[in-house]
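**Q** Pasting in a structure now, in structure tokens, and then I'll have a few things to ask.
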Amino acid sequence: MTATEKVEQYLKDNAARFEEELKEILRIPSVSTDAAHKPDMLRCAEKLVHFFQAAGMQEARVVETGGHPAVYAQSEQKPDRPTVLVYGHYDVQPEDPLDEWETPPFEPDIRDGKIFARGTSDDKGQFFVHIKAAEAYHKLGLEYPVNYKFIIEGEEEIGSPSLAPWIASHAELLKSDVLMVSDTTLYAPGVPAVLYGLRGLAYIEVEFKGGDTDMHSGMFGGAVPNPANELCKVIAQLKDDKGRITIPGFYDKVRPLTQGERDAWAKLPFDEEEFRKSVGAPQLCGEEGFTTTERRWARPTLDVNGFCSGFTGEGAKTVLPAKAMAKISCRLVPDQDHEEIAKMMEAEIRRLAPPTVEVKVSFHHGGPAWMNNPDHPINEAARKAYRRAWHAEPVLMREGGSIAIVSDFCNTLHIPAILMGVGLDTDNIHAPNEHLTLSDFHAGIAASAFLAEELAELGSWEK
Ligand code: BES
Ligand code: MN
Ligand code: MN
């Protein structure tokens, strides 16, 4: 048996155990937004240390970053092979609304070939594939094809506030040849993706204040300003009837899609009506002149993510609200600057707001879009590995979500990145009944092992 055949056999023989071990991590409610889960964060980090040790890492430890702990691990670093830095996040989104889960979010359940629990697809089930691939080499007594470094953080879902500065101050420790991230999706079931772009994010929160307190809308309505009405009016003006964002300067730095991208994406198998049905909306929408795929992967957006004002309980209460609040975010594309865009959003909202309301704006976390060179040889290595694991031709694509820290790694360490997503866009990440398809979880472990071999074969590359 060749080394590869031994690895493949090992993965088959141990598949059931991998699933059980993943469940152990999934049972820990490592919700980063909720201070009540602080002890769970450490518990989850410590569990990961154990799995890194079992995978043969020479060093594996919980690292204090100032916020929720991260986990760092590395194999013995040998000079004759490339170093792969694997990034992932063990923190998860809150589980609410709890009553919409068919089985409890932190009691993993396998049905229809899928594993259901919060964090299965985002991101525990995804980064775990790399740990298990490394374990295969270790347990078989084979040398790892690459030097491994792992950094698994606990604050991705809150914008990685502690990891960004930590990367900068640990650049020497993290020195590597390529960043490897599994925190995205396949193109479609069974169709792997060679990903070369993610969107960025600018996020603000706006509050309009009218009177000092909620009032009787019959006694005061019509004469005292209504901040809910006014905020709606302002928001409505942020996009025109062609779906374009009206904020002055917003599109100035947007890198246009290339004709090559547009042609290639137009050829991808995509059924618009099926997509519409899958999201359940009566009709799709978007910026004029762009396809659904282009709108999702390569055009900036502006969306209200939350809106709150007045009486929202059962029945009717005639009240004139004192305040209205909206959380508004923009997905960004290269080369927009997220801080600049957030400031533009604020300036335009202040300009549009009537003098009858007081305006408060605060800024949430954000980050720039990320883009790789799609022609880089590491993508060819990825393509080969994915073909071997999924027995399907990979699709060169971009995606609409954001992993802000990827740009920090790439810019600080001057390395390219491979984003090997094993999820699907139907996995319900951030939503009830999050799940991961088990065949993709196992294919992902094989792909990680094959990719290590392909990168070793490549030897070195331009960074
Ligand atoms: N894994 C996702 C991002 C993602 C999902 C990218 C699917 C591509 C496809 C990540 O955990 C996430 O949720 N990111 C947030 C931003 C973050 C700053 C909270 C996002 O995209 O909203
Ligand atoms: Mn994620
Ligand atoms: Mn997420």
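Labels used: A, B, ... for chains in the order of the structure tokens, numbers from 1 for residues in each chain, and numbers from 1 for ligands as shown.
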Which residues are close to Glu19 (chain A), i.e. within 12 Å by only C-alpha atoms, leaving aside same-chain residues fewer than 2 positions away? Reply as a compact mmCIF listing (two decimals) with N, CA, C and O atoms, in the first residue's frame.
**A**
```
# COMPACT_ATOMS: atom_id res chain seq x y z
N LEU A 11 -8.87 6.65 7.12
CA LEU A 11 -10.04 7.53 7.21
C LEU A 11 -11.33 6.73 7.17
O LEU A 11 -12.29 7.03 7.89
N LYS A 12 -11.35 5.70 6.35
CA LYS A 12 -12.55 4.83 6.29
C LYS A 12 -12.74 4.11 7.62
O LYS A 12 -13.84 4.09 8.17
N ASN A 14 -11.85 4.83 10.52
CA ASN A 14 -12.08 5.66 11.70
C ASN A 14 -13.22 6.68 11.54
O ASN A 14 -13.41 7.53 12.41
N ALA A 15 -13.93 6.57 10.44
CA ALA A 15 -14.98 7.56 10.13
C ALA A 15 -15.99 7.71 11.27
O ALA A 15 -16.34 8.83 11.65
N ALA A 16 -16.43 6.61 11.81
CA ALA A 16 -17.45 6.68 12.86
C ALA A 16 -16.90 7.37 14.11
O ALA A 16 -17.60 8.17 14.74
N ARG A 17 -15.66 7.06 14.44
CA ARG A 17 -15.06 7.72 15.61
C ARG A 17 -14.92 9.23 15.39
O ARG A 17 -15.16 10.03 16.29
N GLU A 21 -16.24 12.14 17.87
CA GLU A 21 -15.36 13.17 18.43
C GLU A 21 -15.85 14.58 18.09
O GLU A 21 -15.76 15.50 18.91
N LEU A 22 -16.36 14.71 16.88
CA LEU A 22 -16.93 16.02 16.50
C LEU A 22 -18.09 16.35 17.45
O LEU A 22 -18.22 17.49 17.91
N LYS A 23 -18.89 15.35 17.75
CA LYS A 23 -20.02 15.57 18.68
C LYS A 23 -19.54 16.10 20.02
O LYS A 23 -20.21 16.94 20.64
N GLU A 24 -18.38 15.62 20.47
CA GLU A 24 -17.86 16.09 21.78
C GLU A 24 -17.64 17.60 21.77
O GLU A 24 -17.91 18.28 22.76
N ILE A 25 -17.16 18.11 20.65
CA ILE A 25 -16.93 19.57 20.56
C ILE A 25 -18.26 20.30 20.40
O ILE A 25 -18.46 21.38 20.94
N LEU A 26 -19.17 19.69 19.64
CA LEU A 26 -20.46 20.33 19.38
C LEU A 26 -21.32 20.46 20.63
O LEU A 26 -22.17 21.35 20.72
N PRO A 108 -25.94 17.11 19.51
CA PRO A 108 -25.80 16.74 18.10
C PRO A 108 -26.62 15.50 17.74
O PRO A 108 -26.65 14.54 18.49
N ASP A 109 -27.26 15.58 16.57
CA ASP A 109 -28.13 14.49 16.14
C ASP A 109 -27.85 14.21 14.66
O ASP A 109 -27.75 15.13 13.86
N ILE A 110 -27.72 12.93 14.34
CA ILE A 110 -27.48 12.56 12.94
C ILE A 110 -28.78 12.03 12.34
O ILE A 110 -29.39 11.12 12.87
N GLY A 113 -28.14 11.55 6.80
CA GLY A 113 -26.76 11.78 6.35
C GLY A 113 -26.19 13.12 6.76
O GLY A 113 -25.17 13.56 6.25
N LYS A 114 -26.88 13.81 7.68
CA LYS A 114 -26.41 15.12 8.11
C LYS A 114 -26.28 15.13 9.62
O LYS A 114 -27.04 14.46 10.32
N ILE A 115 -25.34 15.93 10.11
CA ILE A 115 -25.23 16.10 11.55
C ILE A 115 -25.76 17.48 11.91
O ILE A 115 -25.35 18.49 11.32
N PHE A 116 -26.73 17.50 12.83
CA PHE A 116 -27.39 18.74 13.23
C PHE A 116 -26.88 19.20 14.59
O PHE A 116 -26.90 18.44 15.55
N THR A 120 -21.99 23.02 13.54
CA THR A 120 -21.57 21.90 12.69
C THR A 120 -20.88 22.40 11.43
O THR A 120 -19.79 21.92 11.07
N LYS A 124 -17.11 24.39 13.58
CA LYS A 124 -16.43 23.26 14.23
C LYS A 124 -16.23 22.06 13.30
O LYS A 124 -15.16 21.46 13.25
N GLY A 125 -17.29 21.72 12.57
CA GLY A 125 -17.20 20.56 11.68
C GLY A 125 -16.25 20.80 10.52
O GLY A 125 -15.77 19.86 9.89
N PHE A 128 -12.30 20.95 11.93
CA PHE A 128 -11.96 19.63 12.48
C PHE A 128 -11.40 18.69 11.41
O PHE A 128 -10.62 17.80 11.72
N VAL A 129 -11.78 18.90 10.15
CA VAL A 129 -11.31 18.00 9.08
C VAL A 129 -9.79 18.02 8.99
O VAL A 129 -9.16 16.99 8.72
N LYS A 132 -8.18 15.95 11.79
CA LYS A 132 -8.30 14.51 11.57
C LYS A 132 -7.38 14.04 10.44
O LYS A 132 -6.87 12.91 10.49
N LEU A 436 -24.42 19.86 8.89
CA LEU A 436 -23.33 19.63 7.94
C LEU A 436 -23.56 18.25 7.34
O LEU A 436 -23.92 17.30 8.05
N THR A 437 -23.35 18.13 6.03
CA THR A 437 -23.51 16.84 5.37
C THR A 437 -22.30 15.98 5.69
O THR A 437 -21.16 16.39 5.46
N LEU A 438 -22.56 14.79 6.23
CA LEU A 438 -21.44 13.97 6.71
C LEU A 438 -20.53 13.49 5.58
O LEU A 438 -19.32 13.40 5.78
N SER A 439 -21.09 13.24 4.40
CA SER A 439 -20.22 12.79 3.30
C SER A 439 -19.22 13.90 2.95
O SER A 439 -18.07 13.61 2.58
N PHE A 441 -18.11 16.16 5.16
CA PHE A 441 -17.18 16.18 6.29
C PHE A 441 -16.06 15.17 6.03
O PHE A 441 -14.87 15.49 6.13
N HIS A 442 -16.43 13.97 5.63
CA HIS A 442 -15.42 12.93 5.40
C HIS A 442 -14.59 13.23 4.15
O HIS A 442 -13.37 13.03 4.14
N ILE A 445 -11.96 15.68 5.07
CA ILE A 445 -10.77 15.12 5.74
C ILE A 445 -9.81 14.56 4.69
O ILE A 445 -8.60 14.84 4.71
```
**Q** So that I can see what lies close to Val181 (chain A), please list as a PyMOL selection string the residues with an atom at most 8 Å from it, counting only C-alpha atoms and leaving out residues fewer than 6 positions away in the same chain.
**A** chain A and resi 86-88+127+417-421
**Q** Could you write out that same residue set with all heavy atoms as a PDB file, in the first residue's frame?
**A**
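Output saved as selection.pdb:
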```pdb
ATOM      1  N   VAL A  86      -3.300  26.594   9.492  1.00  0.00           N
ATOM      2  CA  VAL A  86      -4.741  26.341   9.436  1.00  0.00           C
ATOM      3  C   VAL A  86      -5.442  27.268  10.427  1.00  0.00           C
ATOM      4  O   VAL A  86      -5.098  27.293  11.608  1.00  0.00           O
ATOM      5  CB  VAL A  86      -5.085  24.877   9.788  1.00  0.00           C
ATOM      6  CG1 VAL A  86      -6.604  24.657   9.721  1.00  0.00           C
ATOM      7  CG2 VAL A  86      -4.360  23.906   8.867  1.00  0.00           C
ATOM      8  N   TYR A  87      -6.408  28.029   9.929  1.00  0.00           N
ATOM      9  CA  TYR A  87      -7.206  28.895  10.802  1.00  0.00           C
ATOM     10  C   TYR A  87      -8.641  28.382  10.859  1.00  0.00           C
ATOM     11  O   TYR A  87      -9.182  27.894   9.857  1.00  0.00           O
ATOM     12  CB  TYR A  87      -7.211  30.343  10.272  1.00  0.00           C
ATOM     13  CG  TYR A  87      -8.329  31.177  10.867  1.00  0.00           C
ATOM     14  CD1 TYR A  87      -8.191  31.777  12.121  1.00  0.00           C
ATOM     15  CD2 TYR A  87      -9.552  31.343  10.201  1.00  0.00           C
ATOM     16  CE1 TYR A  87      -9.235  32.501  12.689  1.00  0.00           C
ATOM     17  CE2 TYR A  87     -10.597  32.069  10.754  1.00  0.00           C
ATOM     18  CZ  TYR A  87     -10.433  32.642  11.997  1.00  0.00           C
ATOM     19  OH  TYR A  87     -11.473  33.353  12.552  1.00  0.00           O
ATOM     20  N   GLY A  88      -9.245  28.499  12.006  1.00  0.00           N
ATOM     21  CA  GLY A  88     -10.670  28.180  12.144  1.00  0.00           C
ATOM     22  C   GLY A  88     -11.206  28.880  13.376  1.00  0.00           C
ATOM     23  O   GLY A  88     -10.457  29.544  14.101  1.00  0.00           O
ATOM     24  N   PHE A 127     -13.247  23.091  10.542  1.00  0.00           N
ATOM     25  CA  PHE A 127     -11.802  23.086  10.852  1.00  0.00           C
ATOM     26  C   PHE A 127     -11.350  21.715  11.349  1.00  0.00           C
ATOM     27  O   PHE A 127     -10.189  21.333  11.219  1.00  0.00           O
ATOM     28  CB  PHE A 127     -11.404  24.218  11.815  1.00  0.00           C
ATOM     29  CG  PHE A 127     -11.884  24.061  13.238  1.00  0.00           C
ATOM     30  CD1 PHE A 127     -11.331  23.101  14.082  1.00  0.00           C
ATOM     31  CD2 PHE A 127     -12.871  24.891  13.755  1.00  0.00           C
ATOM     32  CE1 PHE A 127     -11.764  22.965  15.399  1.00  0.00           C
ATOM     33  CE2 PHE A 127     -13.307  24.770  15.066  1.00  0.00           C
ATOM     34  CZ  PHE A 127     -12.749  23.794  15.894  1.00  0.00           C
ATOM     35  N   ALA A 417      -3.945  32.391   0.471  1.00  0.00           N
ATOM     36  CA  ALA A 417      -4.828  31.546   1.281  1.00  0.00           C
ATOM     37  C   ALA A 417      -5.571  30.547   0.406  1.00  0.00           C
ATOM     38  O   ALA A 417      -5.868  30.820  -0.752  1.00  0.00           O
ATOM     39  CB  ALA A 417      -5.832  32.409   2.030  1.00  0.00           C
ATOM     40  N   ILE A 418      -5.829  29.397   0.989  1.00  0.00           N
ATOM     41  CA  ILE A 418      -6.714  28.408   0.361  1.00  0.00           C
ATOM     42  C   ILE A 418      -7.955  28.313   1.230  1.00  0.00           C
ATOM     43  O   ILE A 418      -7.856  28.057   2.429  1.00  0.00           O
ATOM     44  CB  ILE A 418      -6.038  27.027   0.262  1.00  0.00           C
ATOM     45  CG1 ILE A 418      -4.825  27.097  -0.672  1.00  0.00           C
ATOM     46  CG2 ILE A 418      -7.041  25.973  -0.227  1.00  0.00           C
ATOM     47  CD1 ILE A 418      -4.050  25.793  -0.777  1.00  0.00           C
ATOM     48  N   LEU A 419      -9.108  28.575   0.638  1.00  0.00           N
ATOM     49  CA  LEU A 419     -10.357  28.463   1.390  1.00  0.00           C
ATOM     50  C   LEU A 419     -11.096  27.213   0.931  1.00  0.00           C
ATOM     51  O   LEU A 419     -11.717  27.207  -0.128  1.00  0.00           O
ATOM     52  CB  LEU A 419     -11.212  29.730   1.226  1.00  0.00           C
ATOM     53  CG  LEU A 419     -10.867  30.814   2.257  1.00  0.00           C
ATOM     54  CD1 LEU A 419      -9.521  31.432   1.974  1.00  0.00           C
ATOM     55  CD2 LEU A 419     -11.935  31.859   2.337  1.00  0.00           C
ATOM     56  N   MET A 420     -10.944  26.183   1.723  1.00  0.00           N
ATOM     57  CA  MET A 420     -11.531  24.890   1.371  1.00  0.00           C
ATOM     58  C   MET A 420     -12.824  24.686   2.162  1.00  0.00           C
ATOM     59  O   MET A 420     -12.833  24.043   3.205  1.00  0.00           O
ATOM     60  CB  MET A 420     -10.534  23.771   1.673  1.00  0.00           C
ATOM     61  CG  MET A 420     -10.978  22.421   1.145  1.00  0.00           C
ATOM     62  SD  MET A 420      -9.942  21.082   1.751  1.00  0.00           S
ATOM     63  CE  MET A 420     -10.843  20.595   3.215  1.00  0.00           C
ATOM     64  N   GLY A 421     -13.902  25.247   1.667  1.00  0.00           N
ATOM     65  CA  GLY A 421     -15.176  25.103   2.368  1.00  0.00           C
ATOM     66  C   GLY A 421     -15.749  23.719   2.172  1.00  0.00           C
ATOM     67  O   GLY A 421     -15.668  23.157   1.082  1.00  0.00           O
TER      68      GLY A 421
END
```
**Q** Ligand 2: which residues are within 12 Å, counting only C-alpha atoms and all ligand atoms, as a PyMOL selection string?
**A** chain A and resi 87-93+118-127+152-160+181-185+401-406+419+421-423+427-430
**Q** I'd like to know which of A:Glu434, A:Arg387, A:Phe311, A:Glu261 is closest to ligand 3, using only C-alpha atoms and all ligand atoms.
**A**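 Once distances to ligand 3 are computed over only C-alpha atoms and all ligand atoms, the minimum belongs to A:Glu434.
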**Q** Which residues, written as a VMD selection string, have at least one atom at most 7 Å from Glu59 (chain A), with only C-alpha atoms counted and residues fewer than 4 positions away on the same chain left out?
**A** chain A and resid 73 to 75
**Q** Could the residues in this selection be saved with all heavy atoms as a compact mmCIF listing (two decimals), in the first residue's frame?
**A**
```txt
# COMPACT_ATOMS: atom_id res chain seq x y z
N ALA A 73 -1.41 25.31 17.91
CA ALA A 73 -0.73 24.01 17.87
C ALA A 73 0.20 23.98 16.68
O ALA A 73 -0.05 24.66 15.68
CB ALA A 73 -1.76 22.89 17.74
N GLN A 74 1.28 23.25 16.81
CA GLN A 74 2.14 23.06 15.65
C GLN A 74 2.87 21.72 15.69
O GLN A 74 3.13 21.18 16.76
CB GLN A 74 3.14 24.22 15.49
CG GLN A 74 4.18 24.31 16.58
CD GLN A 74 5.29 25.32 16.23
OE1 GLN A 74 5.01 26.47 15.88
NE2 GLN A 74 6.54 24.88 16.31
N SER A 75 3.16 21.21 14.51
CA SER A 75 3.96 19.99 14.41
C SER A 75 5.43 20.40 14.44
O SER A 75 5.75 21.59 14.37
CB SER A 75 3.65 19.28 13.09
OG SER A 75 3.97 20.11 12.00
```
**Q** Return as a ChimeraX atom specification the full set of residues in region 215-442 of chain A whose backbone-based DSSP assignment is strand (DSSP E).
**A** /A:215-216,303-309,319-320,323-332,358-363,370-371,395-399,417-419,435-437
**Q** Leaving out region 210-223 of chain A and any residue of its chain fewer than 5 positions from it, which residues lie within 9 Å of it when counting only C-alpha atoms, given as a PDB file with all heavy atoms, in the first residue's frame?
**A**
```pdb
ATOM      1  N   GLY A 310     -40.946  51.534  18.984  1.00  0.00           N
ATOM      2  CA  GLY A 310     -42.347  51.525  19.397  1.00  0.00           C
ATOM      3  C   GLY A 310     -42.807  50.223  20.014  1.00  0.00           C
ATOM      4  O   GLY A 310     -42.028  49.465  20.581  1.00  0.00           O
ATOM      5  N   THR A 318     -51.491  52.386  20.954  1.00  0.00           N
ATOM      6  CA  THR A 318     -51.350  53.646  20.237  1.00  0.00           C
ATOM      7  C   THR A 318     -50.278  54.493  20.906  1.00  0.00           C
ATOM      8  O   THR A 318     -50.531  55.206  21.865  1.00  0.00           O
ATOM      9  CB  THR A 318     -52.687  54.402  20.229  1.00  0.00           C
ATOM     10  OG1 THR A 318     -53.194  54.408  21.574  1.00  0.00           O
ATOM     11  CG2 THR A 318     -53.683  53.729  19.316  1.00  0.00           C
ATOM     12  N   VAL A 319     -49.080  54.350  20.380  1.00  0.00           N
ATOM     13  CA  VAL A 319     -47.956  55.022  21.013  1.00  0.00           C
ATOM     14  C   VAL A 319     -47.112  55.746  19.974  1.00  0.00           C
ATOM     15  O   VAL A 319     -46.958  55.294  18.841  1.00  0.00           O
ATOM     16  CB  VAL A 319     -47.107  54.006  21.828  1.00  0.00           C
ATOM     17  CG1 VAL A 319     -46.423  53.008  20.913  1.00  0.00           C
ATOM     18  CG2 VAL A 319     -46.084  54.712  22.706  1.00  0.00           C
ATOM     19  N   LEU A 320     -46.603  56.870  20.381  1.00  0.00           N
ATOM     20  CA  LEU A 320     -45.671  57.621  19.543  1.00  0.00           C
ATOM     21  C   LEU A 320     -44.284  57.345  20.122  1.00  0.00           C
ATOM     22  O   LEU A 320     -43.977  57.826  21.213  1.00  0.00           O
ATOM     23  CB  LEU A 320     -46.013  59.117  19.636  1.00  0.00           C
ATOM     24  CG  LEU A 320     -45.226  60.068  18.750  1.00  0.00           C
ATOM     25  CD1 LEU A 320     -45.546  59.833  17.286  1.00  0.00           C
ATOM     26  CD2 LEU A 320     -45.550  61.507  19.122  1.00  0.00           C
ATOM     27  N   PRO A 321     -43.474  56.551  19.421  1.00  0.00           N
ATOM     28  CA  PRO A 321     -42.196  56.161  20.027  1.00  0.00           C
ATOM     29  C   PRO A 321     -41.244  57.349  20.197  1.00  0.00           C
ATOM     30  O   PRO A 321     -41.228  58.258  19.372  1.00  0.00           O
ATOM     31  CB  PRO A 321     -41.624  55.133  19.054  1.00  0.00           C
ATOM     32  CG  PRO A 321     -42.406  55.260  17.801  1.00  0.00           C
ATOM     33  CD  PRO A 321     -43.678  55.979  18.094  1.00  0.00           C
ATOM     34  N   ALA A 322     -40.455  57.259  21.246  1.00  0.00           N
ATOM     35  CA  ALA A 322     -39.446  58.294  21.470  1.00  0.00           C
ATOM     36  C   ALA A 322     -38.200  58.024  20.645  1.00  0.00           C
ATOM     37  O   ALA A 322     -37.483  58.947  20.265  1.00  0.00           O
ATOM     38  CB  ALA A 322     -39.088  58.338  22.960  1.00  0.00           C
ATOM     39  N   LYS A 323     -37.954  56.719  20.393  1.00  0.00           N
ATOM     40  CA  LYS A 323     -36.719  56.363  19.704  1.00  0.00           C
ATOM     41  C   LYS A 323     -36.958  55.314  18.640  1.00  0.00           C
ATOM     42  O   LYS A 323     -37.895  54.519  18.746  1.00  0.00           O
ATOM     43  CB  LYS A 323     -35.716  55.775  20.711  1.00  0.00           C
ATOM     44  CG  LYS A 323     -35.082  56.798  21.623  1.00  0.00           C
ATOM     45  CD  LYS A 323     -34.161  56.101  22.604  1.00  0.00           C
ATOM     46  CE  LYS A 323     -33.506  57.116  23.541  1.00  0.00           C
ATOM     47  NZ  LYS A 323     -32.725  56.441  24.574  1.00  0.00           N
ATOM     48  N   ALA A 324     -36.078  55.283  17.657  1.00  0.00           N
ATOM     49  CA  ALA A 324     -36.058  54.206  16.661  1.00  0.00           C
ATOM     50  C   ALA A 324     -34.610  53.825  16.417  1.00  0.00           C
ATOM     51  O   ALA A 324     -33.731  54.693  16.407  1.00  0.00           O
ATOM     52  CB  ALA A 324     -36.708  54.662  15.365  1.00  0.00           C
ATOM     53  N   THR A 356     -35.960  67.339  13.032  1.00  0.00           N
ATOM     54  CA  THR A 356     -36.875  66.974  14.121  1.00  0.00           C
ATOM     55  C   THR A 356     -36.348  65.829  14.979  1.00  0.00           C
ATOM     56  O   THR A 356     -36.948  65.508  15.994  1.00  0.00           O
ATOM     57  CB  THR A 356     -38.238  66.545  13.530  1.00  0.00           C
ATOM     58  OG1 THR A 356     -37.974  65.562  12.516  1.00  0.00           O
ATOM     59  CG2 THR A 356     -38.985  67.712  12.936  1.00  0.00           C
ATOM     60  N   VAL A 357     -35.293  65.161  14.542  1.00  0.00           N
ATOM     61  CA  VAL A 357     -34.756  64.052  15.352  1.00  0.00           C
ATOM     62  C   VAL A 357     -33.280  64.272  15.685  1.00  0.00           C
ATOM     63  O   VAL A 357     -32.555  64.919  14.942  1.00  0.00           O
ATOM     64  CB  VAL A 357     -34.913  62.674  14.645  1.00  0.00           C
ATOM     65  CG1 VAL A 357     -36.374  62.317  14.457  1.00  0.00           C
ATOM     66  CG2 VAL A 357     -34.174  62.649  13.314  1.00  0.00           C
ATOM     67  N   GLU A 358     -32.903  63.699  16.838  1.00  0.00           N
ATOM     68  CA  GLU A 358     -31.491  63.677  17.230  1.00  0.00           C
ATOM     69  C   GLU A 358     -30.903  62.374  16.712  1.00  0.00           C
ATOM     70  O   GLU A 358     -31.506  61.316  16.890  1.00  0.00           O
ATOM     71  CB  GLU A 358     -31.403  63.625  18.755  1.00  0.00           C
ATOM     72  CG  GLU A 358     -30.766  64.831  19.406  1.00  0.00           C
ATOM     73  CD  GLU A 358     -30.953  64.744  20.920  1.00  0.00           C
ATOM     74  OE1 GLU A 358     -30.466  63.745  21.512  1.00  0.00           O
ATOM     75  OE2 GLU A 358     -31.603  65.644  21.478  1.00  0.00           O
TER      76      GLU A 358
END
```
**Q** Mind checking DSSP for region 148-304 of chain A and telling me the helix (DSSP H, G or I) residues as a PyMOL selection string?
**A** chain A and resi 156-158+163-169+171-174+217-220+227-236+259-267+272-279+292-297
**Q** In terms of the shortest atom-to-atom distance over only C-alpha atoms and all ligand atoms, which of A:Ser32, A:Glu453, A:Glu348, A:Tyr10 is closest to ligand 3?
**A**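 Among A:Ser32, A:Glu453, A:Glu348, A:Tyr10, it is A:Ser32 that comes nearest to ligand 3.
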**Q** Which residues come within 10 Å of region 269-283 of chain A, counting only C-alpha atoms, excluding same-chain residues fewer than 5 positions away, as a PyMOL selection string?
**A** chain A and resi 187-188+291-293+426
**Q** Include N, CA, C and O atoms and write out the residues we just selected as a PDB file, in the first residue's frame.
**A**
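Writing the result to out.pdb gives the following:
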```pdb
ATOM      1  N   TYR A 187     -19.592  24.658  -3.972  1.00  0.00           N
ATOM      2  CA  TYR A 187     -20.452  25.385  -4.912  1.00  0.00           C
ATOM      3  C   TYR A 187     -21.882  24.855  -4.854  1.00  0.00           C
ATOM      4  O   TYR A 187     -22.855  25.611  -4.863  1.00  0.00           O
ATOM      5  N   ALA A 188     -21.989  23.542  -4.790  1.00  0.00           N
ATOM      6  CA  ALA A 188     -23.293  22.864  -4.755  1.00  0.00           C
ATOM      7  C   ALA A 188     -23.031  21.490  -4.152  1.00  0.00           C
ATOM      8  O   ALA A 188     -21.872  21.091  -4.020  1.00  0.00           O
ATOM      9  N   THR A 291     -26.338  39.707 -12.552  1.00  0.00           N
ATOM     10  CA  THR A 291     -27.038  38.443 -12.315  1.00  0.00           C
ATOM     11  C   THR A 291     -27.082  38.156 -10.812  1.00  0.00           C
ATOM     12  O   THR A 291     -26.375  38.795 -10.019  1.00  0.00           O
ATOM     13  N   THR A 292     -27.893  37.174 -10.443  1.00  0.00           N
ATOM     14  CA  THR A 292     -27.996  36.792  -9.036  1.00  0.00           C
ATOM     15  C   THR A 292     -26.629  36.391  -8.479  1.00  0.00           C
ATOM     16  O   THR A 292     -26.252  36.791  -7.383  1.00  0.00           O
ATOM     17  N   THR A 293     -25.887  35.622  -9.236  1.00  0.00           N
ATOM     18  CA  THR A 293     -24.562  35.189  -8.780  1.00  0.00           C
ATOM     19  C   THR A 293     -23.634  36.395  -8.605  1.00  0.00           C
ATOM     20  O   THR A 293     -22.936  36.504  -7.599  1.00  0.00           O
ATOM     21  N   THR A 426     -27.084  25.802   2.120  1.00  0.00           N
ATOM     22  CA  THR A 426     -28.357  25.374   2.726  1.00  0.00           C
ATOM     23  C   THR A 426     -28.159  24.790   4.130  1.00  0.00           C
ATOM     24  O   THR A 426     -29.044  24.138   4.669  1.00  0.00           O
TER      25      THR A 426
END
```
**Q** In terms of the shortest atom-to-atom distance over only C-alpha atoms, which of A:Ile328, A:Val194, A:Val206, A:Ala55 is closest to Tyr148 (chain A)?
**A**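 Checking each candidate against Tyr148 (chain A), we get A:Ala55 as the closest.
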**Q** Identify, on the basis of only C-alpha atoms, every residue whose closest approach to Pro69 (chain A) does not exceed 8 Å; exclude the query and any residue fewer than 3 positions from it along the same chain; express the result as a PyMOL selection string.
**A** chain A and resi 41-42+45+62-66+153-154
**Q** Could those selected residues go to a file with C-alpha atoms, as a JSON list (two decimals), in the first residue's frame?
**A**
```json
[["chain", "number", "residue", "atom", "x", "y", "z"],
["A", 41, "MET", "CA", -15.13, 28.86, 25.77],
["A", 42, "LEU", "CA", -12.21, 27.67, 27.85],
["A", 45, "ALA", "CA", -10.39, 25.37, 23.81],
["A", 62, "VAL", "CA", -4.55, 27.51, 24.96],
["A", 63, "VAL", "CA", -3.38, 31.05, 24.28],
["A", 64, "GLU", "CA", -4.66, 34.15, 26.02],
["A", 65, "THR", "CA", -5.41, 36.87, 23.53],
["A", 66, "GLY", "CA", -7.15, 39.30, 25.85],
["A", 153, "GLU", "CA", -9.92, 31.30, 17.71],
["A", 154, "GLY", "CA", -12.99, 31.92, 19.86]]
```
**Q** May I ask for the distance between CA of Val146 (chain A) and CA of Leu186 (chain A), given in Å to one decimal place?
**A** 24.1 Å
**Q** Would you please work out which residue, of A:Arg199, A:Lys267, A:His338, A:Lys233, is nearest to ligand 1 when using only C-alpha atoms and all ligand atoms?
**A**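 That would be A:Arg199, the residue with the smallest distance to ligand 1.
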**Q** Report as a compact mmCIF listing (two decimals) with N, CA, C and O atoms, in the first residue's frame all protein, DNA and RNA residues lying within 6 Å of Gly56 (chain A), evaluated on only C-alpha atoms, omitting residues in the same chain fewer than 2 positions from it.
**A**
```
# COMPACT_ATOMS: atom_id res chain seq x y z
N GLN A 53 -3.17 17.13 20.41
CA GLN A 53 -2.18 16.19 20.94
C GLN A 53 -2.38 14.82 20.32
O GLN A 53 -1.41 14.16 19.91
N ALA A 54 -3.64 14.42 20.20
CA ALA A 54 -3.93 13.10 19.62
C ALA A 54 -3.52 13.04 18.14
O ALA A 54 -3.25 11.97 17.61
N HIS A 138 -0.16 10.87 11.57
CA HIS A 138 0.50 10.61 12.84
C HIS A 138 0.27 9.17 13.32
O HIS A 138 1.21 8.45 13.66
```
**Q** For ligand 1, which of A:Arg296, A:His391, A:Arg351, A:Lys463 is the closest residue, counting only C-alpha atoms and all ligand atoms?
**A** A:Arg296
**Q** Considering only C-alpha atoms, state which residue in the set A:Asn147, A:Thr33, A:Gln9, A:Ser176 is at the smallest distance from Ile415 (chain A).
**A**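 Going through A:Asn147, A:Thr33, A:Gln9, A:Ser176 one by one, the smallest distance to Ile415 (chain A) is for A:Ser176.
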**Q** Would you mind reading off the distance between atom 10 (C, counted along the ligand's line) of ligand 1 and CA of Ala446 (chain A), one decimal, in Å?
**A**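 Here the two named atoms are 23.0 Å from each other.
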